[in-house]
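Peer 1: Take this structure first; my questions come after.
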Amino acid sequence: MLRSIAASSLRVGLQALRANPLRTILSTLGVIMGVASIVAVLSVGDGVEQYARAQIEQTTDLQTITLSPITYTMMDHVRVPRSGYPVFTTADAEALRTTLDSGAVVSIFATGPALISRSPGAPPHAAVVTATVPEAAERLRLSFAAGRFLNGVEERTHASVIILSHGLAAALVASGAHAGTPATALLGDTILIGPHPFRVIGITAPEPGDRDQLRAIVPFSVAADAMLPSDDARATMIMVRANRAEEVAAIRARTEHWLTSRYGAWNARVRVQSQSKSLLAQARKAILIFKLTMGSFAGISLIVGGIGIMNVLLASILERTREIGVRKAIGARQRDILVQFLTESVAISGVGSLFGAALGLAGAFAVTALMRARTQAIIFAAFTWPTLGVAAATALITGIAFGLYPALRAARLSPIDAIRHE
């Protein structure tokens with residue numbers, strides 16, 4: 001019985017909305033504009049946040065954890081060399097990757113000086129050589145004028161291949177018999193590092209704002225042939241790059257546990273470094289302030305829409321006072337009348353939220369398209385589940401908040417006075 005009365009109240013409320021379509025549409029417009037404004041602000045804000053995160057991740061080491069041996073001690077402001085520091089190998093990097101088991105990229109580096117010449121008898125050039133593995137491509141993010149980065153086959157087979165910086169390639173070309181030839185002409189040629197031949201597989205693009213130092217990259221497995229001999233074991237460094245900045249703390253903890261299991265008291269032998277998350281936190285805080293500020297302005301139009309719903313319901317009560325009295329006289333309770341008018345209010349705000357969400361998304365995509373055209377920034381509107389939740393919650397809260405007073409007023413009408421109302 002109670003269920004049938006409630007269903008009847010819902011049905012009567014929806015029929016009342018259909019009976020006055022123009023009034024329903026006009027009362028919905030305010031909600032549409034309010035929800036559209038909020039959804040547009042949130043979608044643009046989400047897109048800007050994703051863009052800011054991508055820029056921070058690409059231009060900083062926020063997601064990188066570095067493990068480097070401590071090769072010296074500062075004493076009276078003087079660097080005193082240390083011995084017995086750990087020398088990481090590719091087996092160590094693989095063991096750490098297996099221990100993390102998180103999708104993080106683990107790479108290993110060794111750096112040292114080298115003498116590189118174009119051909120036998122040609123004057124050599126001093127360069128800084130970095131030996132690494134193919135996984136380092138994501139960490140280095142190199143741009144190439146010609147060629148490519150290292151691959152797994154070259155690392156496993158100890159291939160004598162090399163990647164030259166644009167400055168080093170230009171210096172080698174200038175010292176050869178064909179001066180004036182483009183630096184990229186060295187691609188595929190064989191050069192010498194000391195007495196060892198290396199085939200050029202890549203030449204990086206010139207770097208704006210950098211003097212383009214003389215640098216080269218070779219597979220980690222041929223580091224001994226590519227660098228000048230050293231009396232001490234050459235220090236190596238492991239880098240771990242997390243997929244997301246939020247994962248850095250957990251991955252660092254597991255990395256330190258791995259160091260403990262391998263070296264015991266490692267703190268005096270290995271330095272573990274990672275960037276602070278403050279930069280990302282500051283960006284997220286700024287975007288949150290933007291969302292809250294713009295959302296509060298957008299909320300004003302939503303309040304105006306809610307007031308429109310209240311006015312429509314109050315006018316509807318005046319027109320249907322006798323109907324309300326008849327319903328109460330034949331057994332309808334205050335709760336049934338309350339549900340009926342709240343249903344009308346929530347239905348108006350719900351439909352307005354649907355159309356408003358669609359309009360807000362369209363506006364957000366239009367705004368971000370304009371931003372891309374004017375600033376060349378790769379920003380796209382982002383419609384996330386929280387944004388969808390805000391749109392749905394907006395419909396419910398607006399409908400209940402602005403429909404409660406008219407619904408209570410209708411529910412408290414005296415049946416006798418209502419029936420006699422003209």
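If you're wondering about the labels, chains in the structure tokens are A, B, ... by order shown, residues count from 1 in each chain, ligands from 1 in order shown.
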Set out as JSON lines a contact list for segment 329-402 of chain A and segment 298-305 of chain A with a cut-off of 9 Å, giving each residue of segment 329-402 of chain A that qualifies its closest atom pair and distance in Å to one decimal, counting only C-alpha atoms, ordered by chain and rising residue number.

Peer 2:
{"residue": "A:Ser349", "atom": "CA", "partner": "A:Gly305", "partner_atom": "CA", "distance": 8.6}
{"residue": "A:Thr394", "atom": "CA", "partner": "A:Leu302", "partner_atom": "CA", "distance": 8.8}
{"residue": "A:Thr398", "atom": "CA", "partner": "A:Ile303", "partner_atom": "CA", "distance": 8.0}
{"residue": "A:Phe402", "atom": "CA", "partner": "A:Ile303", "partner_atom": "CA", "distance": 8.8}

Peer 1: Would you tabulate, counting only C-alpha atoms, all residues of segment 212-241 of chain A that have an atom at most 9 Å from an atom of segment 63-73 of chain A, showing the closest pair of atoms and their distance in Å to one decimal, sorted by chain then ascending number, as JSON lines?

Peer 2:
{"residue": "A:Ala235", "atom": "CA", "partner": "A:Pro69", "partner_atom": "CA", "distance": 6.7}
{"residue": "A:Thr236", "atom": "CA", "partner": "A:Ser68", "partner_atom": "CA", "distance": 6.8}
{"residue": "A:Met237", "atom": "CA", "partner": "A:Ser68", "partner_atom": "CA", "distance": 4.7}
{"residue": "A:Ile238", "atom": "CA", "partner": "A:Leu67", "partner_atom": "CA", "distance": 5.1}
{"residue": "A:Met239", "atom": "CA", "partner": "A:Thr66", "partner_atom": "CA", "distance": 4.6}
{"residue": "A:Val240", "atom": "CA", "partner": "A:Ile65", "partner_atom": "CA", "distance": 5.0}
{"residue": "A:Arg241", "atom": "CA", "partner": "A:Thr64", "partner_atom": "CA", "distance": 4.4}

Peer 1: Restricting the calculation to only C-alpha atoms: of A:Phe341, A:Phe290, A:Phe297, A:Tyr263, which residue gets closest to Pro406 of chain A?

Peer 2: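 Counting only C-alpha atoms, the residue closest to Pro406 of chain A is A:Phe341.
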
Peer 1: Can I get the residues of segment 255-279 of chain A within 12 Å of segment 100-121 of chain A, each with the closest pair of atoms and their distance in Å to one decimal, using only C-alpha atoms, sorted chain first then ascending number, as CSV?

Peer 2:
residue,atom,partner,partner_atom,distance
A:Thr255,CA,A:Leu100,CA,7.2
A:Glu256,CA,A:Leu100,CA,10.7
A:His257,CA,A:Leu100,CA,10.1
A:Trp258,CA,A:Leu100,CA,8.8
A:Leu259,CA,A:Leu100,CA,11.9

Peer 1: Could you save those same residues with N, CA, C and O atoms as a compact mmCIF listing (two decimals), in the first residue's frame?

Peer 2:
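This went into selection14.txt:
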# COMPACT_ATOMS: atom_id res chain seq x y z
N THR A 255 63.31 0.34 -2.83
CA THR A 255 64.70 0.42 -3.28
C THR A 255 65.67 0.40 -2.10
O THR A 255 66.69 -0.30 -2.13
N GLU A 256 65.35 1.15 -1.06
CA GLU A 256 66.21 1.17 0.12
C GLU A 256 66.21 -0.20 0.82
O GLU A 256 67.25 -0.62 1.36
N HIS A 257 65.07 -0.88 0.78
CA HIS A 257 65.03 -2.24 1.36
C HIS A 257 65.95 -3.17 0.55
O HIS A 257 66.64 -4.03 1.14
N TRP A 258 65.94 -3.03 -0.77
CA TRP A 258 66.82 -3.84 -1.63
C TRP A 258 68.29 -3.55 -1.31
O TRP A 258 69.11 -4.46 -1.23
N LEU A 259 68.64 -2.28 -1.10
CA LEU A 259 70.02 -1.93 -0.75
C LEU A 259 70.42 -2.56 0.59
O LEU A 259 71.54 -3.05 0.74

Peer 1: Identify which of the residues A:Val35, A:Arg269, A:Ser83, A:Ala226 lies closest to Leu396 of chain A, counting only C-alpha atoms when measuring atom-to-atom distances.

Peer 2: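 For Leu396 of chain A, the nearest of the given residues is A:Val35.
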
Peer 1: Which is closest to Glu246 of chain A among A:Ser230, A:Leu408, A:Leu186, A:Arg53, if we use only C-alpha atoms?

Peer 2: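 Counting only C-alpha atoms, the residue closest to Glu246 of chain A is A:Arg53.
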
Peer 1: Considering only C-alpha atoms, state which residue in the set A:Phe144, A:Phe88, A:Phe149, A:Tyr51 is at the smallest distance from Phe380 of chain A.

Peer 2: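 Using only C-alpha atoms, Phe380 of chain A sits closest to A:Tyr51.
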
Peer 1: Could you check which of A:Ala205, A:Ala407, A:Ala253, A:Val133 is closest to Ala315 of chain A, using only C-alpha atoms?

Peer 2: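 Distance minimum relative to Ala315 of chain A lands on A:Ala407.
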
Peer 1: Would you return as a ChimeraX atom specification the members of segment 197-313 of chain A that DSSP assigns to strand (DSSP E or B) on this structure's backbone?

Peer 2: /A:197-204,215-219,236-241,270-274

Peer 1: Identify, on the basis of only C-alpha atoms, every residue whose closest approach to Thr384 of chain A does not exceed 10 Å; exclude the query and any residue fewer than 2 positions from it along the same chain; express the result as a PyMOL selection string.

Peer 2: chain A and resi 42-43+46-47+381-382+386-389
